$ cat start-v3.txt   # compact mmCIF, C-alpha atoms
# COMPACT_ATOMS: atom_id res chain seq x y z
CA MET A 1 18.41 -34.45 8.19
CA ALA A 2 15.13 -35.03 6.35
CA THR A 3 15.30 -37.49 3.48
CA ALA A 4 13.67 -36.97 0.11
CA THR A 5 12.01 -39.29 -2.41
CA ASP A 6 11.80 -38.92 -6.17
CA PHE A 7 8.43 -39.16 -7.91
CA PHE A 8 7.92 -39.16 -11.67
CA VAL A 9 4.85 -37.37 -12.97
CA PRO A 10 3.72 -38.56 -16.42
CA LEU A 11 3.33 -35.86 -19.04
CA LYS A 12 0.28 -36.20 -21.25
CA GLY A 13 0.05 -35.21 -24.88
CA THR A 14 3.69 -35.94 -25.76
CA PRO A 15 4.81 -38.10 -28.73
CA GLY A 16 6.36 -40.72 -26.45
CA PRO A 17 6.71 -41.57 -22.75
CA ALA A 18 7.76 -38.48 -20.81
CA HIS A 19 7.81 -37.40 -17.19
CA ILE A 20 8.55 -34.56 -14.81
CA ALA A 21 10.75 -35.58 -11.89
CA VAL A 22 9.83 -34.21 -8.47
CA LYS A 23 12.01 -34.40 -5.36
CA VAL A 24 9.72 -34.61 -2.35
CA TRP A 25 10.50 -33.99 1.30
CA GLY A 26 7.76 -35.07 3.69
CA ASN A 27 4.78 -37.40 3.63
CA VAL A 28 2.68 -36.99 0.47
CA ASN A 29 -0.02 -39.22 2.00
CA ASP A 30 -0.69 -37.02 5.02
CA TYR A 31 0.08 -33.30 5.06
CA GLN A 32 -1.51 -29.96 5.83
CA THR A 33 0.75 -27.58 3.91
CA ALA A 34 2.09 -28.11 0.39
CA ILE A 35 5.13 -26.18 -0.81
CA VAL A 36 5.86 -26.36 -4.55
CA ALA A 37 9.30 -25.15 -5.63
CA GLY A 38 11.02 -24.44 -8.95
CA HIS A 39 14.70 -24.00 -9.73
CA GLY A 40 16.72 -21.72 -11.99
CA TRP A 41 17.93 -22.19 -15.56
CA LEU A 42 20.27 -25.22 -15.96
CA ASP A 43 19.87 -26.07 -12.24
CA ASN A 44 17.68 -28.81 -10.78
CA ALA A 45 15.52 -29.84 -7.83
CA ASN A 46 18.57 -30.12 -5.53
CA THR A 47 18.71 -26.34 -5.43
CA TYR A 48 16.65 -26.36 -2.22
CA ASP A 49 18.68 -28.99 -0.37
CA LEU A 50 20.05 -26.50 2.17
CA ILE A 51 16.76 -24.82 3.11
CA ALA A 52 14.07 -27.48 2.61
CA PRO A 53 14.85 -29.58 5.74
CA ALA A 54 14.75 -26.53 8.02
CA ILE A 55 11.45 -25.34 6.58
CA LEU A 56 9.99 -28.84 6.87
CA GLU A 57 11.08 -29.08 10.49
CA ALA A 58 9.66 -25.70 11.47
CA ILE A 59 6.24 -26.12 9.83
CA PRO A 60 4.54 -29.31 11.05
CA GLY A 61 2.61 -31.28 8.47
CA SER A 62 4.39 -29.67 5.54
CA VAL A 63 5.63 -31.37 2.38
CA ILE A 64 7.92 -29.84 -0.22
CA PHE A 65 7.63 -30.70 -3.92
CA SER A 66 10.81 -29.57 -5.70
CA ILE A 67 10.36 -29.81 -9.48
CA ASP A 68 12.94 -30.69 -12.11
CA PHE A 69 11.63 -28.56 -14.95
CA CYS A 70 11.39 -30.25 -18.34
CA GLY A 71 14.86 -30.81 -19.81
CA HIS A 72 16.55 -30.41 -16.42
CA GLY A 73 17.74 -32.88 -13.78
CA ARG A 74 15.90 -36.18 -13.93
CA SER A 75 12.99 -34.95 -16.05
CA SER A 76 12.49 -35.94 -19.68
CA HIS A 77 13.79 -33.78 -22.49
CA ALA A 78 11.13 -31.94 -24.46
CA PRO A 79 10.16 -33.26 -27.90
CA SER A 80 10.63 -29.75 -29.32
CA VAL A 81 12.70 -26.70 -28.35
CA ASP A 82 9.45 -24.70 -28.43
CA ARG A 83 8.64 -26.33 -25.09
CA TYR A 84 11.53 -24.43 -23.49
CA THR A 85 11.15 -21.08 -25.19
CA GLY A 86 7.41 -20.48 -25.24
CA PRO A 87 5.61 -18.49 -22.55
CA THR A 88 3.68 -21.50 -21.22
CA GLY A 89 6.27 -24.30 -21.27
CA TYR A 90 7.36 -24.53 -17.65
CA LEU A 91 3.94 -23.43 -16.43
CA SER A 92 2.73 -26.73 -17.90
CA ASP A 93 5.19 -28.56 -15.62
CA VAL A 94 3.81 -26.84 -12.52
CA ILE A 95 0.23 -27.56 -13.57
CA ALA A 96 1.07 -31.22 -14.22
CA VAL A 97 2.63 -31.63 -10.76
CA VAL A 98 -0.18 -29.82 -8.95
CA ASP A 99 -2.80 -31.91 -10.76
CA TYR A 100 -0.96 -35.20 -10.27
CA PHE A 101 -0.65 -34.78 -6.49
CA LYS A 102 -4.15 -33.25 -6.20
CA ILE A 103 -2.77 -30.14 -4.47
CA ASP A 104 -5.60 -27.76 -3.64
CA ARG A 105 -3.48 -24.72 -2.69
CA PHE A 106 0.17 -24.27 -1.89
CA VAL A 107 3.13 -22.08 -1.02
CA ALA A 108 5.23 -21.32 -4.10
CA ILE A 109 9.01 -20.95 -3.97
CA GLY A 110 10.98 -20.00 -7.06
CA HIS A 111 14.62 -19.16 -7.72
CA SER A 112 15.71 -17.19 -10.79
CA MET A 113 13.92 -18.74 -13.79
CA GLY A 114 11.70 -20.63 -11.35
CA GLY A 115 10.75 -17.31 -9.80
CA GLY A 116 9.64 -16.09 -13.21
CA VAL A 117 7.60 -19.24 -13.76
CA PHE A 118 5.81 -18.85 -10.43
CA THR A 119 5.30 -15.13 -10.96
CA ALA A 120 3.24 -16.04 -14.01
CA TYR A 121 1.52 -18.90 -12.18
CA CYS A 122 0.56 -16.70 -9.23
CA ALA A 123 -0.96 -14.13 -11.58
CA ALA A 124 -2.83 -16.69 -13.69
CA PHE A 125 -4.00 -18.95 -10.85
CA PRO A 126 -4.35 -16.70 -7.79
CA GLU A 127 -6.77 -19.13 -6.13
CA LYS A 128 -3.99 -21.74 -5.85
CA VAL A 129 -1.13 -19.87 -4.10
CA THR A 130 -1.24 -18.77 -0.45
CA HIS A 131 2.30 -17.35 -0.21
CA PHE A 132 5.11 -16.79 -2.70
CA VAL A 133 8.85 -16.80 -1.93
CA CYS A 134 10.84 -15.42 -4.85
CA ILE A 135 14.64 -15.70 -4.74
CA GLU A 136 16.74 -13.55 -7.10
CA ASN A 137 13.94 -12.89 -9.56
CA LEU A 138 11.49 -10.09 -10.27
CA GLY A 139 9.32 -11.38 -13.08
CA GLN A 140 10.10 -12.37 -16.64
CA PRO A 141 13.24 -11.18 -18.48
CA TYR A 142 12.70 -7.88 -20.26
CA TYR A 143 14.19 -6.77 -23.56
CA PRO A 144 13.06 -3.89 -25.77
CA ALA A 145 10.36 -4.96 -28.22
CA LYS A 146 12.28 -3.51 -31.15
CA GLY A 147 14.84 -6.32 -30.82
CA VAL A 148 12.42 -9.23 -31.16
CA ALA A 149 12.97 -9.73 -34.89
CA GLY A 150 16.72 -10.04 -34.41
CA ARG A 151 16.25 -12.49 -31.54
CA LEU A 152 13.97 -14.64 -33.67
CA ARG A 153 16.49 -14.64 -36.51
CA ARG A 154 19.40 -15.60 -34.21
CA PHE A 155 17.34 -18.39 -32.67
CA PHE A 156 16.61 -20.08 -35.99
CA ASP A 157 20.11 -19.40 -37.33
CA HIS A 158 21.51 -21.20 -34.30
CA ILE A 159 19.23 -24.19 -34.88
CA GLU A 160 20.28 -24.31 -38.54
CA ARG A 161 23.99 -24.19 -37.67
CA ARG A 162 23.54 -27.09 -35.26
CA ALA A 163 21.73 -29.11 -37.90
CA GLN A 164 24.48 -28.48 -40.46
CA ARG A 165 27.22 -29.55 -38.02
CA GLY A 166 25.39 -32.76 -37.19
CA PRO A 167 24.40 -34.42 -33.89
CA SER A 168 27.77 -33.75 -32.22
CA ALA A 169 26.99 -30.04 -32.18
CA ALA A 170 24.25 -30.59 -29.63
CA THR A 171 26.26 -32.73 -27.24
CA THR A 172 27.32 -31.50 -23.83
CA PRO A 173 30.89 -31.46 -22.45
CA MET A 174 32.39 -34.69 -21.16
CA TYR A 175 34.33 -34.85 -17.89
CA PRO A 176 36.77 -37.57 -16.78
CA THR A 177 35.64 -37.34 -13.14
CA ILE A 178 32.77 -36.01 -11.07
CA ALA A 179 35.21 -33.58 -9.45
CA ALA A 180 36.01 -32.13 -12.87
CA ALA A 181 32.31 -31.57 -13.54
CA VAL A 182 31.90 -29.90 -10.14
CA ALA A 183 34.80 -27.57 -10.91
CA ALA A 184 33.27 -26.69 -14.28
CA ARG A 185 29.88 -25.92 -12.71
CA ALA A 186 31.48 -23.79 -10.02
CA SER A 187 33.22 -21.61 -12.62
CA ALA A 188 30.43 -21.49 -15.24
CA ASP A 189 28.87 -18.31 -16.63
CA LEU A 190 26.54 -18.41 -13.62
CA PRO A 191 29.20 -19.35 -11.02
CA VAL A 192 28.37 -20.88 -7.66
CA PRO A 193 30.51 -21.87 -4.65
CA GLU A 194 32.01 -25.35 -4.78
CA ARG A 195 29.59 -26.69 -2.16
CA ALA A 196 26.63 -25.49 -4.25
CA ALA A 197 28.19 -26.96 -7.38
CA GLN A 198 28.48 -30.33 -5.66
CA ILE A 199 24.81 -30.26 -4.67
CA LEU A 200 23.60 -29.38 -8.17
CA THR A 201 26.03 -31.75 -9.89
CA GLU A 202 24.86 -34.72 -7.81
CA ARG A 203 21.49 -34.58 -9.57
CA GLY A 204 22.67 -33.13 -12.85
CA LEU A 205 25.22 -35.69 -14.08
CA VAL A 206 24.93 -38.98 -15.94
CA PRO A 207 27.76 -41.49 -16.49
CA VAL A 208 28.67 -42.38 -20.09
CA TYR A 209 31.03 -45.12 -21.16
CA ASN A 210 33.72 -43.95 -23.57
CA SER A 211 34.34 -47.03 -25.72
CA THR A 212 37.31 -45.39 -27.45
CA HIS A 213 39.28 -44.85 -24.25
CA HIS A 214 37.60 -47.68 -22.30
CA ARG A 215 36.58 -45.54 -19.36
CA THR A 216 33.55 -44.01 -17.69
CA GLU A 217 33.07 -40.28 -18.19
CA TYR A 218 30.37 -37.87 -17.07
CA THR A 219 28.13 -35.38 -18.82
CA TRP A 220 25.10 -33.24 -17.96
CA LYS A 221 21.59 -34.66 -18.08
CA ASN A 222 20.23 -31.27 -19.14
CA ASP A 223 18.91 -30.99 -22.68
CA PRO A 224 21.55 -29.17 -24.81
CA SER A 225 18.71 -27.21 -26.41
CA LEU A 226 18.31 -25.29 -23.17
CA THR A 227 21.29 -23.16 -24.16
CA LEU A 228 19.54 -21.79 -27.24
CA GLN A 229 18.74 -18.10 -26.92
CA TRP A 230 15.07 -17.56 -26.12
CA PRO A 231 13.38 -16.08 -29.20
CA TRP A 232 10.52 -14.49 -27.28
CA THR A 233 10.95 -12.00 -24.47
CA ALA A 234 8.48 -10.02 -22.46
CA THR A 235 7.89 -6.31 -22.82
CA MET A 236 7.95 -4.17 -19.69
CA GLU A 237 4.17 -3.80 -19.94
CA PHE A 238 3.81 -7.58 -19.92
CA VAL A 239 6.17 -7.96 -16.93
CA VAL A 240 4.45 -5.28 -14.86
CA ALA A 241 0.98 -6.66 -15.66
CA LEU A 242 1.87 -10.08 -14.25
CA LEU A 243 3.51 -8.66 -11.14
CA SER A 244 0.53 -6.42 -10.44
CA GLN A 245 -1.88 -9.37 -10.55
CA ILE A 246 -0.18 -11.43 -7.85
CA GLU A 247 -2.63 -11.70 -4.96
CA ALA A 248 -0.47 -13.76 -2.61
CA PRO A 249 1.95 -12.03 -0.26
CA VAL A 250 5.49 -12.19 -1.66
CA LEU A 251 8.84 -12.49 0.10
CA TYR A 252 11.56 -11.30 -2.25
CA VAL A 253 15.09 -12.50 -1.44
CA PHE A 254 17.88 -10.58 -3.15
CA ALA A 255 21.64 -10.97 -2.73
CA THR A 256 24.23 -8.20 -2.54
CA GLY A 257 26.17 -9.88 -5.34
CA GLY A 258 23.06 -10.89 -7.29
CA TYR A 259 21.28 -9.42 -10.29
CA PHE A 260 18.91 -6.89 -8.70
CA ASP A 261 20.20 -3.50 -7.62
CA GLN A 262 17.64 -1.97 -5.27
CA ASP A 263 18.57 1.52 -6.50
CA ASN A 264 17.83 0.65 -10.12
CA GLU A 265 14.76 2.47 -11.40
CA ALA A 266 13.48 -0.57 -13.34
CA VAL A 267 13.71 -2.71 -10.20
CA LYS A 268 11.85 -0.05 -8.22
CA ALA A 269 9.15 0.13 -10.89
CA ARG A 270 8.57 -3.61 -10.78
CA LEU A 271 8.48 -3.80 -7.00
CA ALA A 272 6.08 -0.87 -6.80
CA VAL A 273 3.25 -2.77 -8.48
CA VAL A 274 3.43 -5.86 -6.23
CA ARG A 275 0.57 -5.49 -3.77
CA ARG A 276 1.84 -7.30 -0.67
CA LYS A 277 5.55 -7.82 -0.32
CA GLU A 278 8.51 -8.10 2.01
CA ILE A 279 12.11 -7.73 0.90
CA MET A 280 15.12 -9.55 2.33
CA ILE A 281 18.67 -8.73 1.28
CA VAL A 282 21.48 -11.15 2.12
CA ASP A 283 25.16 -11.45 1.39
CA GLY A 284 26.05 -13.73 -1.49
CA GLY A 285 25.65 -14.27 -5.20
CA HIS A 286 22.80 -15.29 -7.49
CA HIS A 287 22.27 -18.57 -5.57
CA PRO A 288 22.14 -17.29 -1.97
CA HIS A 289 20.01 -20.24 -0.81
CA LEU A 290 22.95 -22.50 -1.71
CA GLU A 291 25.52 -20.29 0.02
CA ASP A 292 26.31 -19.20 3.58
CA ALA A 293 23.03 -17.28 3.78
CA ALA A 294 20.96 -20.48 3.50
CA PRO A 295 20.13 -20.81 7.25
CA GLN A 296 19.21 -17.11 7.39
CA ILE A 297 16.94 -17.48 4.36
CA ALA A 298 15.25 -20.60 5.74
CA GLU A 299 14.57 -18.82 9.02
CA ARG A 300 13.07 -15.79 7.26
CA VAL A 301 10.93 -17.99 5.02
CA VAL A 302 9.50 -19.75 8.07
CA SER A 303 8.85 -16.40 9.76
CA PHE A 304 7.14 -15.07 6.63
CA LEU A 305 4.90 -18.11 6.27
CA THR A 306 3.94 -18.22 9.95
CA THR A 307 3.34 -14.50 10.56
CA VAL A 308 1.82 -13.22 7.30
CA SER A 309 -1.78 -14.04 6.41
CA GLY A 310 -2.02 -15.89 3.13
CA ALA A 311 -4.22 -15.65 0.05
CA ALA A 312 -6.25 -18.26 -1.87
CA GLY A 313 -8.72 -18.52 0.99
CA LEU A 314 -6.05 -18.94 3.69
CA ASN A 315 -6.73 -15.76 5.62
CA ARG A 316 -4.20 -16.55 8.31
CA PRO A 317 -0.51 -17.43 8.66
CA LEU A 318 0.64 -21.05 8.64
CA LYS A 319 1.11 -22.76 11.97
CA ALA A 320 4.68 -22.99 13.25
CA LYS A 321 6.16 -25.74 15.38
CA MET A 322 5.50 -25.10 19.07
$ encode --input "start-v3.txt" --output "structure tokens"
Amino acid sequence: MATATDFFVPLKGTPGPAHIAVKVWGNVNDYQTAIVAGHGWLDNANTYDLIAPAILEAIPGSVIFSIDFCGHGRSSHAPSVDRYTGPTGYLSDVIAVVDYFKIDRFVAIGHSMGGGVFTAYCAAFPEKVTHFVCIENLGQPYYPAKGVAGRLRRFFDHIERRAQRGPSAATTPMYPTIAAAVAARASADLPVPERAAQILTERGLVPVYNSTHHRTEYTWKNDPSLTLQWPWTATMEFVVALLSQIEAPVLYVFATGGYFDQDNEAVKARLAVVRRKEIMIVDGGHHPHLEDAAPQIAERVVSFLTTVSGAAGLNRPLKAKM
């Protein structure tokens, strides 16, 4: 099993010391292929633990940079909630990591929210991405434009209610054991199998000493502000425009129990504008890469990267292990 190392990328232009944590598989000092990956909302860089080693093994000279987006995992919390809700927030994390490691071009992998982040990145910086693997995502979330005023109002009302209730309103749940936290993550609003919950929890928890009960408890490292409703959402025109401007070939991975029904007209409309694409459908839920389908997904990713000619000046597939 390949081992990983954490790196901490300093964030510039913040009021105090801040960093983006990156979990790296492979040798950052000597590689031919960079793979930059982003996780879903409230997840962390461990989300690729089940597929990263297989991909690394199959593609010689590869290195995988799995990002903890700002406010998640081992990354710093943002100085302002605007960092999480604006259209450029997590894009800034990707740019910081790519610049820090001097990555010329790379394969992008994104799950859920991370897929939305890399959809925007691929459209804005087409010269940087050779291939794009998008798991359980099809661009930015879409809501009718007529509802934006109400979403803005609810966002600021929520902030005001938290302020009136005091600091305790923004705290996260406390758990007496790691096992209790794993069980909570497995049965959350975005449920995952217990094995997946264990993987995500390993990177997502921090111990806290309860001086009242004289015991160690556990809570999430994630910034509580991440649970605020996003005030801004994309229009369908915005979503389609970004998808249509992706130049890299895309492998979409959808799950039978996930969020994207292939018979849905909106899904069809989005897929129709993507220039070069392959679609893989696997059994499982919204986190199929952390479920039983993980080996199947890793195998298909390797096949995609090593048989499909890339973009960003890489007019050939990647080289597979002989």
$ closest_atom_pairs --input "start-v3.txt" --of "stretch 190-304 of chain A" --to "stretch 77-99 of chain A" --cutoff "12 Å" --atoms "all atoms listed in the file" --output "tab-separated table"
residue	atom	partner	partner_atom	distance
A:Lys221	CA	A:His77	CA	9.0
A:Asn222	CA	A:His77	CA	7.7
A:Asp223	CA	A:His77	CA	5.8
A:Pro224	CA	A:His77	CA	9.3
A:Ser225	CA	A:Val81	CA	6.3
A:Leu226	CA	A:Tyr84	CA	6.8
A:Thr227	CA	A:Tyr84	CA	9.9
A:Leu228	CA	A:Val81	CA	8.5
A:Gln229	CA	A:Thr85	CA	8.3
A:Trp230	CA	A:Thr85	CA	5.3
A:Pro231	CA	A:Thr85	CA	6.8
A:Trp232	CA	A:Thr85	CA	6.9
A:Thr233	CA	A:Pro87	CA	8.6
A:Ala234	CA	A:Pro87	CA	8.9
A:Phe238	CA	A:Pro87	CA	11.4
A:Val239	CA	A:Pro87	CA	11.9
$ closest_residue --input "start-v3.txt" --among "A:Ala241, A:Val253, A:Glu247, A:Val117" --to "A:Arg300" --atoms "all atoms listed in the file"
A:Val253
$ closest_residue --input "start-v3.txt" --among "A:Ile281, A:Tyr175, A:His289, A:Gly13" --to "A:Ala52" --atoms "only C-alpha atoms"
A:His289
$ closest_residue --input "start-v3.txt" --among "A:Leu290, A:Val182, A:Val267, A:Leu305" --to "A:His39" --atoms "only C-alpha atoms"
A:Leu290
$ atom_distance --input "start-v3.txt" --atom1 "atom CA of A:Phe304" --atom2 "atom CA of A:Phe7"
28.2 Å
$ atom_distance --input "start-v3.txt" --atom1 "atom CA of A:Ala54" --atom2 "atom CA of A:Ala298"
6.4 Å
$ closest_residue --input "start-v3.txt" --among "A:Gln245, A:Thr256, A:Gln140, A:Thr130" --to "A:Arg316" --atoms "only C-alpha atoms"
A:Thr130
$ atom_distance --input "start-v3.txt" --atom1 "atom CA of A:His286" --atom2 "atom CA of A:Arg74"
22.9 Å
$ closest_residue --input "start-v3.txt" --among "A:Asn137, A:Asn315, A:Ser112, A:Ser76" --to "A:Pro10" --atoms "all atoms listed in the file"
A:Ser76
$ closest_residue --input "start-v3.txt" --among "A:Ala179, A:Val206, A:Ala21, A:Gly147" --to "A:Thr5" --atoms "all atoms listed in the file"
A:Ala21
$ closest_atom_pairs --input "start-v3.txt" --of "stretch 111-160 of chain A" --to "stretch 40-51 of chain A" --cutoff "9 Å" --atoms "all atoms listed in the file" --output "CSV"
residue,atom,partner,partner_atom,distance
A:His111,CA,A:Gly40,CA,5.4
A:Ser112,CA,A:Gly40,CA,4.8
A:Met113,CA,A:Gly40,CA,4.5
A:Gly114,CA,A:Gly40,CA,5.2
A:Gly115,CA,A:Gly40,CA,7.7
$ residues_around --input "start-v3.txt" --residues "A:Lys277" --least-positions-apart "5" --cutoff "12 Å" --atoms "all atoms listed in the file" --output "count of residues only"
22
$ residues_around --input "start-v3.txt" --residues "A:Phe254" --least-positions-apart "6" --cutoff "10 Å" --atoms "all atoms listed in the file" --output "PyMOL selection string"
chain A and resi 134-138+260-262+279-288
$ residues_around --input "start-v3.txt" --residues "A:Ala37" --least-positions-apart "2" --cutoff "7 Å" --atoms "all atoms listed in the file" --output "compact mmCIF listing (two decimals) with C-alpha atoms, in the frame of the given file"
# COMPACT_ATOMS: atom_id res chain seq x y z
CA ILE A 35 5.13 -26.18 -0.81
CA HIS A 39 14.70 -24.00 -9.73
CA PHE A 65 7.63 -30.70 -3.92
CA SER A 66 10.81 -29.57 -5.70
CA ILE A 67 10.36 -29.81 -9.48
CA ALA A 108 5.23 -21.32 -4.10
CA ILE A 109 9.01 -20.95 -3.97
CA GLY A 110 10.98 -20.00 -7.06
$ residues_near_point --input "start-v3.txt" --point "(32.5, -20.4, -11.3)" --cutoff "12 Å" --atoms "all atoms listed in the file" --output "list in words"
Ala181, Val182, Ala183, Ala184, Arg185, Ala186, Ser187, Ala188, Asp189, Leu190, Pro191, Val192, Pro193, Glu194, Arg195, Ala196, Ala197, Gly285, His286 and His287 of chain A
$ axis_aligned_box --input "start-v3.txt" --around "stretch 114-120 of chain A" --padding-each-side "5 Å" --output "AutoDock Vina command-line options"
--center_x 7.5 --center_y -17.9 --center_z -11.9 --size_x 18.5 --size_y 15.5 --size_z 14.2
$ residues_around --input "start-v3.txt" --residues "A:Val28" --least-positions-apart "3" --cutoff "10 Å" --atoms "all atoms listed in the file" --output "PyMOL selection string"
chain A and resi 24-25+31-32+34+61-65+101
